[in-house]
Each structure stands twice: as C-alpha cells, then as structure tokens.
$ cat target-v6.json   # JSON, C-alpha atoms
[["chain", "number", "residue", "atom", "x", "y", "z"],
["A", 14, "MET", "CA", -12.02, -20.33, -8.77],
["A", 15, "LYS", "CA", -10.19, -22.65, -6.41],
["A", 16, "ARG", "CA", -9.81, -21.19, -2.93],
["A", 17, "LEU", "CA", -6.49, -21.33, -1.12],
["A", 18, "PRO", "CA", -6.68, -23.29, 2.16],
["A", 19, "ILE", "CA", -5.61, -20.46, 4.44],
["A", 20, "ALA", "CA", -6.86, -19.24, 7.81],
["A", 21, "THR", "CA", -8.44, -15.81, 7.49],
["A", 22, "HIS", "CA", -10.78, -13.60, 9.44],
["A", 23, "GLY", "CA", -12.78, -10.52, 8.66],
["A", 24, "ILE", "CA", -11.31, -7.17, 9.66],
["A", 25, "TYR", "CA", -14.53, -5.52, 10.83],
["A", 26, "ARG", "CA", -15.52, -5.44, 14.50],
["A", 27, "ASP", "CA", -19.16, -6.17, 13.68],
["A", 28, "ASP", "CA", -21.06, -7.34, 10.62],
["A", 29, "GLU", "CA", -22.39, -3.83, 10.01],
["A", 30, "ASP", "CA", -19.07, -2.05, 10.52],
["A", 31, "CYS", "CA", -18.16, -2.46, 6.86],
["A", 32, "VAL", "CA", -21.05, -0.17, 5.88],
["A", 33, "PRO", "CA", -19.65, 3.24, 6.96],
["A", 34, "VAL", "CA", -16.16, 2.36, 5.67],
["A", 35, "ARG", "CA", -17.40, 1.34, 2.21],
["A", 36, "ARG", "CA", -19.85, 4.24, 2.08],
["A", 37, "ALA", "CA", -17.00, 6.67, 2.79],
["A", 38, "CYS", "CA", -14.93, 5.16, -0.03],
["A", 39, "ARG", "CA", -17.79, 5.40, -2.53],
["A", 40, "GLU", "CA", -18.65, 8.96, -1.54],
["A", 41, "ARG", "CA", -15.02, 10.04, -1.89],
["A", 42, "LEU", "CA", -14.79, 8.45, -5.34],
["A", 43, "GLU", "CA", -18.10, 9.96, -6.46],
["A", 44, "ARG", "CA", -16.76, 13.44, -5.63],
["A", 45, "TRP", "CA", -13.45, 12.84, -7.42],
["A", 46, "HIS", "CA", -13.11, 14.97, -10.56],
["A", 47, "VAL", "CA", -10.93, 12.53, -12.56],
["A", 48, "PRO", "CA", -12.82, 10.15, -14.91],
["A", 49, "HIS", "CA", -12.51, 6.64, -13.52],
["A", 50, "ALA", "CA", -14.19, 3.26, -13.20],
["A", 51, "LEU", "CA", -14.31, 0.41, -10.69],
["A", 52, "LEU", "CA", -13.60, -3.21, -11.58],
["A", 53, "ARG", "CA", -14.62, -6.09, -9.36],
["A", 54, "LEU", "CA", -12.53, -9.24, -9.85],
["A", 55, "GLU", "CA", -12.65, -12.63, -8.16],
["A", 56, "THR", "CA", -9.47, -13.91, -6.52],
["A", 57, "SER", "CA", -8.48, -16.52, -3.98],
["A", 58, "LEU", "CA", -8.80, -13.85, -1.28],
["A", 59, "GLY", "CA", -12.33, -13.00, -2.39],
["A", 60, "ALA", "CA", -13.64, -10.12, -4.44],
["A", 61, "THR", "CA", -11.08, -7.42, -5.20],
["A", 62, "THR", "CA", -12.23, -3.95, -6.26],
["A", 63, "VAL", "CA", -9.83, -2.04, -8.53],
["A", 64, "LEU", "CA", -9.96, 1.68, -9.32],
["A", 65, "THR", "CA", -8.93, 2.42, -12.91],
["A", 66, "ALA", "CA", -8.07, 5.87, -14.24],
["A", 67, "GLY", "CA", -5.99, 7.43, -16.98],
["A", 68, "THR", "CA", -5.66, 6.63, -20.67],
["A", 69, "ASN", "CA", -3.65, 4.10, -22.63],
["A", 70, "THR", "CA", -0.77, 6.29, -23.83],
["A", 71, "GLY", "CA", 1.60, 3.54, -24.93],
["A", 72, "ARG", "CA", 3.52, 3.92, -21.69],
["A", 73, "PRO", "CA", 3.51, 1.06, -19.18],
["A", 74, "PRO", "CA", 0.36, 0.85, -17.07],
["A", 75, "ILE", "CA", 0.81, 1.16, -13.31],
["A", 76, "VAL", "CA", -0.52, -1.28, -10.72],
["A", 77, "LEU", "CA", -0.42, 0.72, -7.49],
["A", 78, "LEU", "CA", -0.52, -1.20, -4.19],
["A", 79, "PRO", "CA", -1.30, 1.01, -1.16],
["A", 80, "GLY", "CA", -0.02, 0.50, 2.36],
["A", 81, "ALA", "CA", -1.91, -0.94, 5.31],
["A", 82, "GLY", "CA", -4.91, 1.11, 6.36],
["A", 83, "LEU", "CA", -5.08, 2.94, 3.04],
["A", 84, "SER", "CA", -7.53, 2.37, 0.21],
["A", 85, "ALA", "CA", -7.85, 3.57, -3.37],
["A", 86, "ALA", "CA", -10.09, 6.39, -2.14],
["A", 87, "SER", "CA", -7.35, 7.61, 0.23],
["A", 88, "ALA", "CA", -4.56, 7.51, -2.39],
["A", 89, "LEU", "CA", -6.10, 9.67, -5.11],
["A", 90, "ALA", "CA", -3.36, 12.31, -4.99],
["A", 91, "THR", "CA", -0.87, 9.81, -6.40],
["A", 92, "VAL", "CA", -3.31, 8.73, -9.11],
["A", 93, "CYS", "CA", -3.69, 12.41, -10.07],
["A", 94, "ALA", "CA", 0.09, 12.64, -10.44],
["A", 95, "LEU", "CA", 0.16, 9.62, -12.76],
["A", 96, "HIS", "CA", -3.06, 9.39, -14.73],
["A", 97, "GLU", "CA", -2.13, 11.79, -17.57],
["A", 98, "HIS", "CA", 0.84, 9.62, -18.57],
["A", 99, "HIS", "CA", -0.24, 6.10, -17.56],
["A", 100, "ARG", "CA", -3.22, 3.88, -17.15],
["A", 101, "VAL", "CA", -3.39, 3.45, -13.36],
["A", 102, "LEU", "CA", -4.94, 0.40, -11.67],
["A", 103, "LEU", "CA", -5.28, 0.72, -7.92],
["A", 104, "PRO", "CA", -6.75, -2.25, -6.02],
["A", 105, "ASP", "CA", -8.09, -2.08, -2.50],
["A", 106, "LEU", "CA", -6.07, -4.75, -0.71],
["A", 107, "PRO", "CA", -8.15, -7.68, 0.58],
["A", 108, "GLY", "CA", -8.04, -7.66, 4.36],
["A", 109, "GLU", "CA", -7.62, -3.88, 4.54],
["A", 110, "PRO", "CA", -10.37, -1.23, 4.84],
["A", 111, "GLY", "CA", -11.96, -0.47, 1.50],
["A", 112, "LEU", "CA", -14.19, -1.99, -1.16],
["A", 113, "SER", "CA", -12.48, -5.40, -1.44],
["A", 114, "SER", "CA", -13.03, -8.55, 0.58],
["A", 115, "SER", "CA", -12.45, -8.27, 4.32],
["A", 116, "ARG", "CA", -10.51, -11.57, 4.42],
["A", 117, "ARG", "CA", -7.09, -10.92, 5.93],
["A", 118, "PRO", "CA", -4.42, -13.63, 5.94],
["A", 119, "HIS", "CA", -3.15, -14.10, 9.48],
["A", 120, "ARG", "CA", -0.01, -12.06, 10.24],
["A", 121, "HIS", "CA", -0.03, -10.58, 6.73],
["A", 122, "ALA", "CA", 0.97, -13.91, 5.15],
["A", 123, "TYR", "CA", 3.07, -12.60, 2.31],
["A", 124, "ASP", "CA", 3.07, -15.80, 0.25],
["A", 125, "VAL", "CA", -0.73, -15.64, 0.17],
["A", 126, "TYR", "CA", -0.71, -12.00, -0.87],
["A", 127, "GLY", "CA", 1.95, -12.79, -3.46],
["A", 128, "ARG", "CA", -0.28, -15.43, -5.05],
["A", 129, "TRP", "CA", -3.16, -12.96, -4.95],
["A", 130, "LEU", "CA", -1.11, -10.45, -6.97],
["A", 131, "ASP", "CA", -0.02, -13.22, -9.37],
["A", 132, "GLU", "CA", -3.72, -13.90, -10.03],
["A", 133, "LEU", "CA", -4.73, -10.26, -10.25],
["A", 134, "ILE", "CA", -2.26, -8.85, -12.78],
["A", 135, "PRO", "CA", -3.31, -11.11, -15.70],
["A", 136, "GLN", "CA", -6.93, -10.12, -15.09],
["A", 137, "LEU", "CA", -6.02, -6.42, -15.24],
["A", 138, "ARG", "CA", -3.80, -6.15, -18.32],
["A", 139, "PRO", "CA", -2.45, -8.35, -21.12],
["A", 140, "ASP", "CA", 0.71, -6.22, -21.40],
["A", 141, "PRO", "CA", 3.54, -5.80, -18.86],
["A", 142, "VAL", "CA", 2.90, -3.44, -15.96],
["A", 143, "ILE", "CA", 4.99, -1.46, -13.53],
["A", 144, "VAL", "CA", 4.12, -2.41, -9.95],
["A", 145, "VAL", "CA", 4.37, 0.43, -7.45],
["A", 146, "GLY", "CA", 4.12, -0.74, -3.86],
["A", 147, "HIS", "CA", 3.87, 1.46, -0.78],
["A", 148, "ALA", "CA", 4.71, 0.06, 2.68],
["A", 149, "LEU", "CA", 2.71, -3.19, 2.98],
["A", 150, "GLY", "CA", 2.04, -2.94, -0.76],
["A", 151, "ALA", "CA", 5.81, -3.05, -1.40],
["A", 152, "ALA", "CA", 6.11, -6.28, 0.61],
["A", 153, "ILE", "CA", 3.23, -7.77, -1.38],
["A", 154, "ALA", "CA", 4.96, -6.81, -4.64],
["A", 155, "LEU", "CA", 8.15, -8.56, -3.53],
["A", 156, "ALA", "CA", 6.16, -11.64, -2.52],
["A", 157, "ALA", "CA", 4.74, -12.00, -6.05],
["A", 158, "THR", "CA", 6.43, -14.13, -8.68],
["A", 159, "PRO", "CA", 8.90, -12.39, -11.04],
["A", 160, "SER", "CA", 7.61, -12.78, -14.60],
["A", 161, "ASP", "CA", 7.52, -11.03, -17.96],
["A", 162, "ARG", "CA", 4.19, -9.51, -16.91],
["A", 163, "ILE", "CA", 6.07, -7.15, -14.55],
["A", 164, "ALA", "CA", 8.26, -4.57, -16.30],
["A", 165, "GLY", "CA", 9.57, -2.93, -13.15],
["A", 166, "LEU", "CA", 9.13, -2.42, -9.41],
["A", 167, "VAL", "CA", 9.01, 0.86, -7.52],
["A", 168, "LEU", "CA", 9.01, 0.31, -3.75],
["A", 169, "VAL", "CA", 8.19, 3.30, -1.53],
["A", 170, "ASN", "CA", 8.59, 3.16, 2.28],
["A", 171, "PRO", "CA", 8.98, -0.57, 1.72],
["A", 172, "ALA", "CA", 7.83, -2.95, 4.42],
["A", 173, "GLY", "CA", 9.21, -6.47, 4.38],
["A", 174, "ILE", "CA", 12.83, -5.70, 3.48],
["A", 175, "THR", "CA", 13.64, -4.91, 7.11],
["A", 176, "ALA", "CA", 11.59, -5.27, 10.26],
["A", 177, "THR", "CA", 9.44, -2.33, 11.28],
["A", 178, "LYS", "CA", 10.88, -0.22, 14.10],
["A", 179, "ARG", "CA", 8.72, -0.66, 17.20],
["A", 180, "THR", "CA", 9.48, 2.43, 19.23],
["A", 181, "TRP", "CA", 7.87, 3.26, 22.56],
["A", 182, "GLN", "CA", 6.30, 6.34, 21.00],
["A", 183, "LEU", "CA", 4.75, 4.35, 18.15],
["A", 184, "THR", "CA", 3.37, 1.75, 20.57],
["A", 185, "ARG", "CA", 1.83, 4.47, 22.73],
["A", 186, "LEU", "CA", 0.29, 6.39, 19.83],
["A", 187, "ARG", "CA", -1.10, 3.24, 18.18],
["A", 188, "ALA", "CA", -2.63, 2.11, 21.48],
["A", 189, "LYS", "CA", -4.32, 5.49, 22.01],
["A", 190, "TRP", "CA", -5.57, 5.48, 18.42],
["A", 191, "MET", "CA", -6.97, 1.94, 18.59],
["A", 192, "LEU", "CA", -8.59, 2.31, 22.04],
["A", 193, "HIS", "CA", -9.86, 5.88, 21.62],
["A", 194, "PRO", "CA", -10.13, 6.69, 17.91],
["A", 195, "THR", "CA", -10.73, 10.41, 18.30],
["A", 196, "LEU", "CA", -9.69, 12.93, 15.68],
["A", 197, "ASP", "CA", -6.93, 14.19, 17.99],
["A", 198, "ASN", "CA", -5.45, 10.72, 18.54],
["A", 199, "SER", "CA", -5.64, 9.94, 14.82],
["A", 200, "GLU", "CA", -3.89, 13.19, 13.94],
["A", 201, "GLN", "CA", -1.15, 12.55, 16.51],
["A", 202, "LEU", "CA", -0.45, 9.14, 14.98],
["A", 203, "LEU", "CA", -0.42, 10.56, 11.45],
["A", 204, "ARG", "CA", 1.94, 13.37, 12.47],
["A", 205, "TYR", "CA", 4.31, 10.78, 13.93],
["A", 206, "LEU", "CA", 4.22, 8.73, 10.73],
["A", 207, "SER", "CA", 4.73, 11.67, 8.37],
["A", 208, "GLY", "CA", 7.52, 14.16, 7.80],
["A", 209, "SER", "CA", 7.41, 17.57, 9.46],
["A", 210, "PRO", "CA", 6.47, 19.53, 6.27],
["A", 211, "PHE", "CA", 3.31, 17.45, 5.84],
["A", 212, "THR", "CA", 0.07, 18.36, 7.60],
["A", 213, "PRO", "CA", -2.52, 15.55, 7.54],
["A", 214, "ASP", "CA", -5.70, 16.87, 5.93],
["A", 215, "MET", "CA", -9.05, 16.35, 7.62],
["A", 216, "SER", "CA", -10.15, 13.66, 5.16],
["A", 217, "LEU", "CA", -7.16, 11.50, 6.13],
["A", 218, "VAL", "CA", -7.62, 12.18, 9.85],
["A", 219, "CYS", "CA", -11.30, 11.23, 9.61],
["A", 220, "TRP", "CA", -10.43, 8.09, 7.62],
["A", 221, "TYR", "CA", -7.98, 6.92, 10.31],
["A", 222, "SER", "CA", -10.51, 7.62, 13.06],
["A", 223, "MET", "CA", -13.17, 5.67, 11.21],
["A", 224, "ILE", "CA", -11.07, 2.59, 10.50],
["A", 225, "ALA", "CA", -9.87, 2.42, 14.12],
["A", 226, "GLU", "CA", -13.49, 2.58, 15.28],
["A", 227, "HIS", "CA", -14.82, -0.07, 12.90],
["A", 228, "CYS", "CA", -11.84, -2.32, 12.07],
["A", 229, "PHE", "CA", -9.27, -4.50, 13.76],
["A", 230, "PRO", "CA", -5.96, -2.93, 12.69],
["A", 231, "GLY", "CA", -3.41, -5.36, 11.29],
["A", 232, "ARG", "CA", -0.10, -6.18, 12.89],
["A", 233, "LEU", "CA", 2.96, -4.21, 11.90],
["A", 234, "PRO", "CA", 4.49, -5.87, 8.82],
["A", 235, "ARG", "CA", 7.28, -8.37, 9.47],
["A", 236, "ARG", "CA", 10.43, -9.03, 7.45],
["A", 237, "LEU", "CA", 10.34, -11.11, 4.27],
["A", 238, "PRO", "CA", 12.70, -14.08, 3.85],
["A", 239, "ALA", "CA", 15.88, -13.06, 2.04],
["A", 240, "ARG", "CA", 15.31, -15.70, -0.66],
["A", 241, "MET", "CA", 11.96, -14.10, -1.54],
["A", 242, "ILE", "CA", 13.51, -10.68, -2.08],
["A", 243, "ARG", "CA", 16.61, -11.98, -3.87],
["A", 244, "ARG", "CA", 14.48, -13.48, -6.68],
["A", 245, "TRP", "CA", 13.99, -9.99, -8.12],
["A", 246, "ALA", "CA", 17.67, -9.09, -8.42],
["A", 247, "GLY", "CA", 18.52, -8.77, -12.11],
["A", 248, "GLU", "CA", 15.04, -9.87, -13.22],
["A", 249, "VAL", "CA", 13.42, -6.45, -13.60],
["A", 250, "PRO", "CA", 14.49, -2.87, -12.86],
["A", 251, "VAL", "CA", 13.87, -2.09, -9.19],
["A", 252, "ILE", "CA", 13.80, 1.32, -7.51],
["A", 253, "VAL", "CA", 13.62, 1.56, -3.72],
["A", 254, "ALA", "CA", 12.84, 4.85, -2.01],
["A", 255, "ASP", "CA", 12.26, 5.81, 1.59],
["A", 256, "GLY", "CA", 11.25, 9.00, 3.30],
["A", 257, "GLU", "CA", 14.09, 11.02, 4.77],
["A", 258, "CYS", "CA", 12.06, 11.22, 8.01],
["A", 259, "ASP", "CA", 10.49, 7.74, 7.95],
["A", 260, "PRO", "CA", 10.14, 6.70, 11.63],
["A", 261, "LEU", "CA", 9.28, 3.06, 10.87],
["A", 262, "LEU", "CA", 12.34, 1.93, 8.89],
["A", 263, "ASP", "CA", 15.96, 1.84, 9.98],
["A", 264, "ARG", "CA", 17.68, 3.49, 7.02],
["A", 265, "ASN", "CA", 21.08, 1.85, 7.53],
["A", 266, "ARG", "CA", 19.59, -1.64, 7.75],
["A", 267, "LEU", "CA", 17.38, -0.92, 4.77],
["A", 268, "ARG", "CA", 20.35, 0.21, 2.69],
["A", 269, "ARG", "CA", 22.40, -2.87, 3.58],
["A", 270, "ARG", "CA", 19.64, -5.32, 2.70],
["A", 271, "VAL", "CA", 18.66, -3.51, -0.51],
["A", 272, "ARG", "CA", 22.30, -3.56, -1.64],
["A", 273, "SER", "CA", 22.89, -7.21, -0.73],
["A", 274, "LEU", "CA", 19.55, -8.65, -1.89],
["A", 275, "LEU", "CA", 18.56, -6.40, -4.80],
["A", 276, "GLY", "CA", 21.84, -4.85, -5.89],
["A", 277, "ALA", "CA", 20.26, -1.40, -5.69],
["A", 278, "GLU", "CA", 20.59, 1.80, -3.69],
["A", 279, "VAL", "CA", 17.91, 3.43, -1.54],
["A", 280, "GLN", "CA", 16.79, 6.83, -2.78],
["A", 281, "LEU", "CA", 15.63, 9.37, -0.21],
["A", 282, "LEU", "CA", 12.48, 11.46, -0.49],
["A", 283, "PRO", "CA", 13.42, 14.79, 1.17],
["A", 284, "GLY", "CA", 11.23, 15.79, 4.10],
["A", 285, "CYS", "CA", 8.99, 12.75, 3.65],
["A", 286, "GLY", "CA", 7.96, 10.32, 6.37],
["A", 287, "HIS", "CA", 6.24, 6.94, 6.01],
["A", 288, "LEU", "CA", 3.18, 8.14, 4.09],
["A", 289, "GLY", "CA", 4.82, 8.55, 0.70],
["A", 290, "LEU", "CA", 1.64, 8.14, -1.33],
["A", 291, "ARG", "CA", 0.03, 11.06, 0.52],
["A", 292, "GLU", "CA", 3.11, 13.16, 1.26],
["A", 293, "ALA", "CA", 4.99, 13.07, -2.04],
["A", 294, "PRO", "CA", 2.86, 11.98, -5.03],
["A", 295, "ALA", "CA", 5.00, 13.99, -7.49],
["A", 296, "SER", "CA", 8.13, 12.28, -6.17],
["A", 297, "VAL", "CA", 6.51, 8.88, -6.69],
["A", 298, "ALA", "CA", 5.78, 9.85, -10.30],
["A", 299, "SER", "CA", 9.43, 10.90, -10.75],
["A", 300, "LEU", "CA", 10.63, 7.54, -9.43],
["A", 301, "ILE", "CA", 8.56, 5.75, -12.06],
["A", 302, "SER", "CA", 9.99, 7.93, -14.81],
["A", 303, "ALA", "CA", 13.50, 6.92, -13.69],
["A", 304, "LEU", "CA", 12.91, 3.23, -14.43],
["A", 305, "PRO", "CA", 14.94, 2.02, -17.44],
["A", 306, "ALA", "CA", 11.78, 0.35, -18.74],
["A", 307, "ALA", "CA", 10.00, 3.71, -18.79],
["A", 308, "PRO", "CA", 11.94, 6.13, -21.02],
["A", 309, "PHE", "CA", 9.62, 9.07, -20.63],
["A", 310, "ALA", "CA", 9.06, 12.03, -18.35],
["A", 311, "PRO", "CA", 5.89, 12.52, -16.33]]
$ encode --input "target-v6.json" --output "structure tokens"
Amino acid sequence: MKRLPIATHGIYRDDEDCVPVRRACRERLERWHVPHALLRLETSLGATTVLTAGTNTGRPPIVLLPGAGLSAASALATVCALHEHHRVLLPDLPGEPGLSSSRRPHRHAYDVYGRWLDELIPQLRPDPVIVVGHALGAAIALAATPSDRIAGLVLVNPAGITATKRTWQLTRLRAKWMLHPTLDNSEQLLRYLSGSPFTPDMSLVCWYSMIAEHCFPGRLPRRLPARMIRRWAGEVPVIVADGECDPLLDRNRLRRRVRSLLGAEVQLLPGCGHLGLREAPASVASLISALPAAPFAP
C-alpha cells in the first residue's frame, strides 16, 4: 500500500516501552467475557488492530473511535452496551497507546487521520456503518470523507468542533500526571475529566499511570476548519452530545458551532464529564438508537 508522505514519530519513550502497554491490552481482552476477535489491517498509518464483537443482526454495524489515550481494551463497557444489537468494530487509533501502529501524525493532523478512516471502513464492512466518535475520535470522524459508506455520525464529547479549554487546573494536573505518573496523580486527572457521579475504577487509573510512564502524551486536540465540518451537514444524520460536566469543552461555543456548521443541536449527558465512553455507555447506546437511520431500540 502506498504510504502517505507525512512526518510521524513513535509515541513510546523507549523501544521496549510498547511491551507493557500491549501486554496490558491483550491481558484485558483475554479476560473479557464477551466473544470477540482481533483484526489486523494495513493502512497508510501502519498496522491497525480492530476489536470486533457482536453479531450481524441486520442493524447497522458500529465503527467506534475512542478518544486520545484510550484503547479498545479500555472502552469495553461501551461495547457491552452495544454488542447485542450491533456488530461493533473498535480500532485502536494509530499513534495512541494500544495494539495499533505507534505512528502519530504531528499535532494530530486531522486530514491524515481522515484518510486513514477512509481507508479503514471499506476493509471492515461492505455495508454502510454508523461511526461513533469520542473526543479525538469524533474529530477524526469529521475529518473523514462523507460517503454512502457512512449511514450516520454520533459524536460524543467531540474534539475538533471547538478548541479545547486549557484551564490552569488542567495544565497543572496534566503536568503532574506526565512528570510523576503515580496512581494518585492519575486518579486526580481522571476525576477532573469526569463528572462527579463517576468514580474511576482501578483498571482505568492503572492504565493512565502506565501510558504516562511509557508514552509521550499527545497535544490537546485543536479545532477543525469550518469547511471540514460543514461537509457533513445534510449528508448523513448527525447527533452531537456532550457531558453536562465536561470541563474541556465550552458548551455555548460548542452549541453555536454545531448549529451553524451541522444544523444540529447538542444533547447533554446528565452528570457526565469528558469520558463519555467510560461514564455513560448506556447513554451512548441510546444516542445511536435515536439516529433516523437506525429505527430500533437498544
């Protein structure tokens, strides 16, 4: 396959640092009770590993794109909420911790990630899919090319529509987490990112500690060009949802841009912060059921 001429670098601090991260993903998947399989596909960003679960029920399959720092192994709660009604395909994003290539486009180059998703979807399914993107995954979905292969978009805690809020508290917590990736510092960051009803479980706290120890964290996602977002208006059904307590997105700015660029309204997930895939998997399933292209109930 032809490689795109882009500047990339590996995300791991040392050549061997990928070992504990990938081992943790495999061990988590081996313990998972839901029948599943792993696909390994070649793309312009290198090998992409995709978790597949669920049965072909005649309902649209789901391509689920996780946010930065998350992998398929750390988003299994959402797969559990979906797999009885959909075939779910969950890739580890290239350039993020997980089982895919460690090649990360500089500054989260969205056009590169968009082309990656354009390549990936035809390899996954011959029929149209619903793309569900969380945080960085939502920005990647918007950077892809609208086509008849995509039956709908569900964007949760969407990066890229507005700039990420860079508060003093976020800067301080991220610095502590990156410089001293203890369990306490990881939990403090996760508590800031999530809504008050959500308590980060130890598996998520340990995951964040591990990736800070072994990986170079990516930059906070930047805003997409308006023309890139506007392409989706009227092309496919789009649902945008944000956590009621999301500390990273300015809700008023998000609403204005979603209305002007997508002609849609932002739905709120009560009590939820920025970790929608972990905090509110049942709510994510309900959003998918609300798509006009999906006339069924989960």
$ closest_residue --input "target-v6.json" --among "A:Ala156, A:Val92, A:Val218, A:Leu262" --to "Tyr123 (chain A)" --atoms "all atoms listed in the file"
A:Ala156
$ atom_distance --input "target-v6.json" --atom1 "CA of Glu109 (chain A)" --atom2 "CA of Val47 (chain A)"
23.9 Å
$ residues_near_point --input "target-v6.json" --point "(-5.9, 15.6, 7.0)" --cutoff "12 Å" --atoms "all atoms listed in the file" --output "ChimeraX atom specification"
/A:87,196-197,199-204,207,211-222,291-292
$ residues_near_point --input "target-v6.json" --point "(11.0, -17.5, 3.6)" --cutoff "12 Å" --atoms "only C-alpha atoms" --output "list in words"
Ala122, Tyr123, Asp124, Leu155, Ala156, Gly173, Ile174, Arg235, Arg236, Leu237, Pro238, Ala239, Arg240, Met241, Ile242, Arg243 and Arg244 of chain A
$ atom_distance --input "target-v6.json" --atom1 "CA of Met223 (chain A)" --atom2 "CA of His147 (chain A)"
21.3 Å
$ closest_residue --input "target-v6.json" --among "A:Leu103, A:Leu166, A:Leu290, A:Ala157" --to "Ser302 (chain A)" --atoms "all atoms listed in the file"
A:Leu166
$ residues_around --input "target-v6.json" --residues "Ala298 (chain A)" --least-positions-apart "6" --cutoff "10 Å" --atoms "all atoms listed in the file" --output "list in words"
Thr91, Val92, Cys93, Ala94, Leu95, His96, His98, Val145, Val167, Ala310 and Pro311 of chain A
$ residues_around --input "target-v6.json" --residues "Arg268 (chain A)" --least-positions-apart "4" --cutoff "7 Å" --atoms "only C-alpha atoms" --output "short mmCIF file (atom, residue, chain, number, x, y, z; two decimals) with C-alpha atoms, in the frame of the given file"
data_model
loop_
_atom_site.label_atom_id
_atom_site.label_comp_id
_atom_site.auth_asym_id
_atom_site.auth_seq_id
_atom_site.Cartn_x
_atom_site.Cartn_y
_atom_site.Cartn_z
CA ARG A 264 17.68 3.49 7.02
CA ARG A 272 22.30 -3.56 -1.64
CA GLU A 278 20.59 1.80 -3.69
CA VAL A 279 17.91 3.43 -1.54
#
$ residues_around --input "target-v6.json" --residues "region 246-254 of chain A" --least-positions-apart "5" --cutoff "8 Å" --atoms "all atoms listed in the file" --output "list of chain:residue names"
A:Pro159, A:Ile163, A:Ala164, A:Gly165, A:Leu166, A:Val167, A:Leu168, A:Val169, A:Asn170, A:Pro171, A:Val271, A:Leu274, A:Leu275, A:Gly276, A:Ala277, A:Glu278, A:Val279, A:Gln280, A:Leu281, A:Leu282, A:Leu300, A:Leu304, A:Pro305, A:Ala306
$ closest_residue --input "target-v6.json" --among "A:Ala148, A:Leu206, A:Leu233, A:Leu58" --to "Glu132 (chain A)" --atoms "all atoms listed in the file"
A:Leu58
$ residues_around --input "target-v6.json" --residues "Gly284 (chain A)" --least-positions-apart "4" --cutoff "8 Å" --atoms "all atoms listed in the file" --output "JSON, numbers by chain"
{"A": [208, 209, 210, 256, 257, 258]}
$ atom_distance --input "target-v6.json" --atom1 "CA of Pro48 (chain A)" --atom2 "CA of Asn69 (chain A)"
13.4 Å
$ closest_residue --input "target-v6.json" --among "A:Gly67, A:Pro33, A:Pro74, A:Pro234" --to "His49 (chain A)" --atoms "all atoms listed in the file"
A:Gly67
$ closest_residue --input "target-v6.json" --among "A:Leu112, A:Ala90, A:Leu183, A:Leu137" --to "Thr65 (chain A)" --atoms "only C-alpha atoms"
A:Leu137
$ closest_residue --input "target-v6.json" --among "A:Val34, A:Ile301, A:Leu261, A:Ile143" --to "Leu83 (chain A)" --atoms "all atoms listed in the file"
A:Val34
$ residues_around --input "target-v6.json" --residues "Gln182 (chain A)" --least-positions-apart "4" --cutoff "9 Å" --atoms "all atoms listed in the file" --output "PyMOL selection string"
chain A and resi 186-187+205
$ build_atoms --input "target-v6.json" --residues "region 148-160 of chain A" --atoms "N, CA, C and O atoms" --output "mmCIF file, in the frame of the given file"
data_model
loop_
_atom_site.group_PDB
_atom_site.id
_atom_site.type_symbol
_atom_site.label_atom_id
_atom_site.label_comp_id
_atom_site.auth_asym_id
_atom_site.auth_seq_id
_atom_site.Cartn_x
_atom_site.Cartn_y
_atom_site.Cartn_z
ATOM 1 N N ALA A 148 4.759 0.688 1.360
ATOM 2 C CA ALA A 148 4.710 0.060 2.680
ATOM 3 C C ALA A 148 4.310 -1.410 2.558
ATOM 4 O O ALA A 148 5.027 -2.190 1.933
ATOM 5 N N LEU A 149 3.170 -1.813 3.120
ATOM 6 C CA LEU A 149 2.710 -3.190 2.980
ATOM 7 C C LEU A 149 2.593 -3.576 1.511
ATOM 8 O O LEU A 149 2.902 -4.715 1.124
ATOM 9 N N GLY A 150 2.153 -2.652 0.665
ATOM 10 C CA GLY A 150 2.040 -2.940 -0.760
ATOM 11 C C GLY A 150 3.375 -3.293 -1.387
ATOM 12 O O GLY A 150 3.444 -4.093 -2.326
ATOM 13 N N ALA A 151 4.484 -2.709 -0.886
ATOM 14 C CA ALA A 151 5.810 -3.050 -1.400
ATOM 15 C C ALA A 151 6.170 -4.491 -1.026
ATOM 16 O O ALA A 151 6.735 -5.228 -1.835
ATOM 17 N N ALA A 152 5.847 -4.905 0.197
ATOM 18 C CA ALA A 152 6.110 -6.280 0.610
ATOM 19 C C ALA A 152 5.305 -7.265 -0.229
ATOM 20 O O ALA A 152 5.797 -8.337 -0.611
ATOM 21 N N ILE A 153 4.065 -6.905 -0.539
ATOM 22 C CA ILE A 153 3.230 -7.770 -1.380
ATOM 23 C C ILE A 153 3.827 -7.885 -2.773
ATOM 24 O O ILE A 153 3.858 -8.972 -3.364
ATOM 25 N N ALA A 154 4.328 -6.767 -3.318
ATOM 26 C CA ALA A 154 4.960 -6.810 -4.640
ATOM 27 C C ALA A 154 6.156 -7.751 -4.642
ATOM 28 O O ALA A 154 6.338 -8.557 -5.566
ATOM 29 N N LEU A 155 6.986 -7.687 -3.604
ATOM 30 C CA LEU A 155 8.150 -8.560 -3.530
ATOM 31 C C LEU A 155 7.770 -10.015 -3.333
ATOM 32 O O LEU A 155 8.526 -10.918 -3.708
ATOM 33 N N ALA A 156 6.606 -10.267 -2.740
ATOM 34 C CA ALA A 156 6.160 -11.640 -2.520
ATOM 35 C C ALA A 156 5.562 -12.277 -3.766
ATOM 36 O O ALA A 156 5.380 -13.495 -3.814
ATOM 37 N N ALA A 157 5.254 -11.464 -4.788
ATOM 38 C CA ALA A 157 4.740 -12.000 -6.050
ATOM 39 C C ALA A 157 5.851 -12.712 -6.803
ATOM 40 O O ALA A 157 7.021 -12.674 -6.422
ATOM 41 N N THR A 158 5.482 -13.358 -7.896
ATOM 42 C CA THR A 158 6.430 -14.130 -8.680
ATOM 43 C C THR A 158 6.996 -13.274 -9.810
ATOM 44 O O THR A 158 6.233 -12.732 -10.614
ATOM 45 N N PRO A 159 8.331 -13.127 -9.904
ATOM 46 C CA PRO A 159 8.900 -12.390 -11.040
ATOM 47 C C PRO A 159 8.483 -13.048 -12.361
ATOM 48 O O PRO A 159 8.526 -14.266 -12.513
ATOM 49 N N SER A 160 8.043 -12.249 -13.309
ATOM 50 C CA SER A 160 7.610 -12.780 -14.600
ATOM 51 C C SER A 160 7.696 -11.667 -15.634
ATOM 52 O O SER A 160 7.898 -10.491 -15.305
#
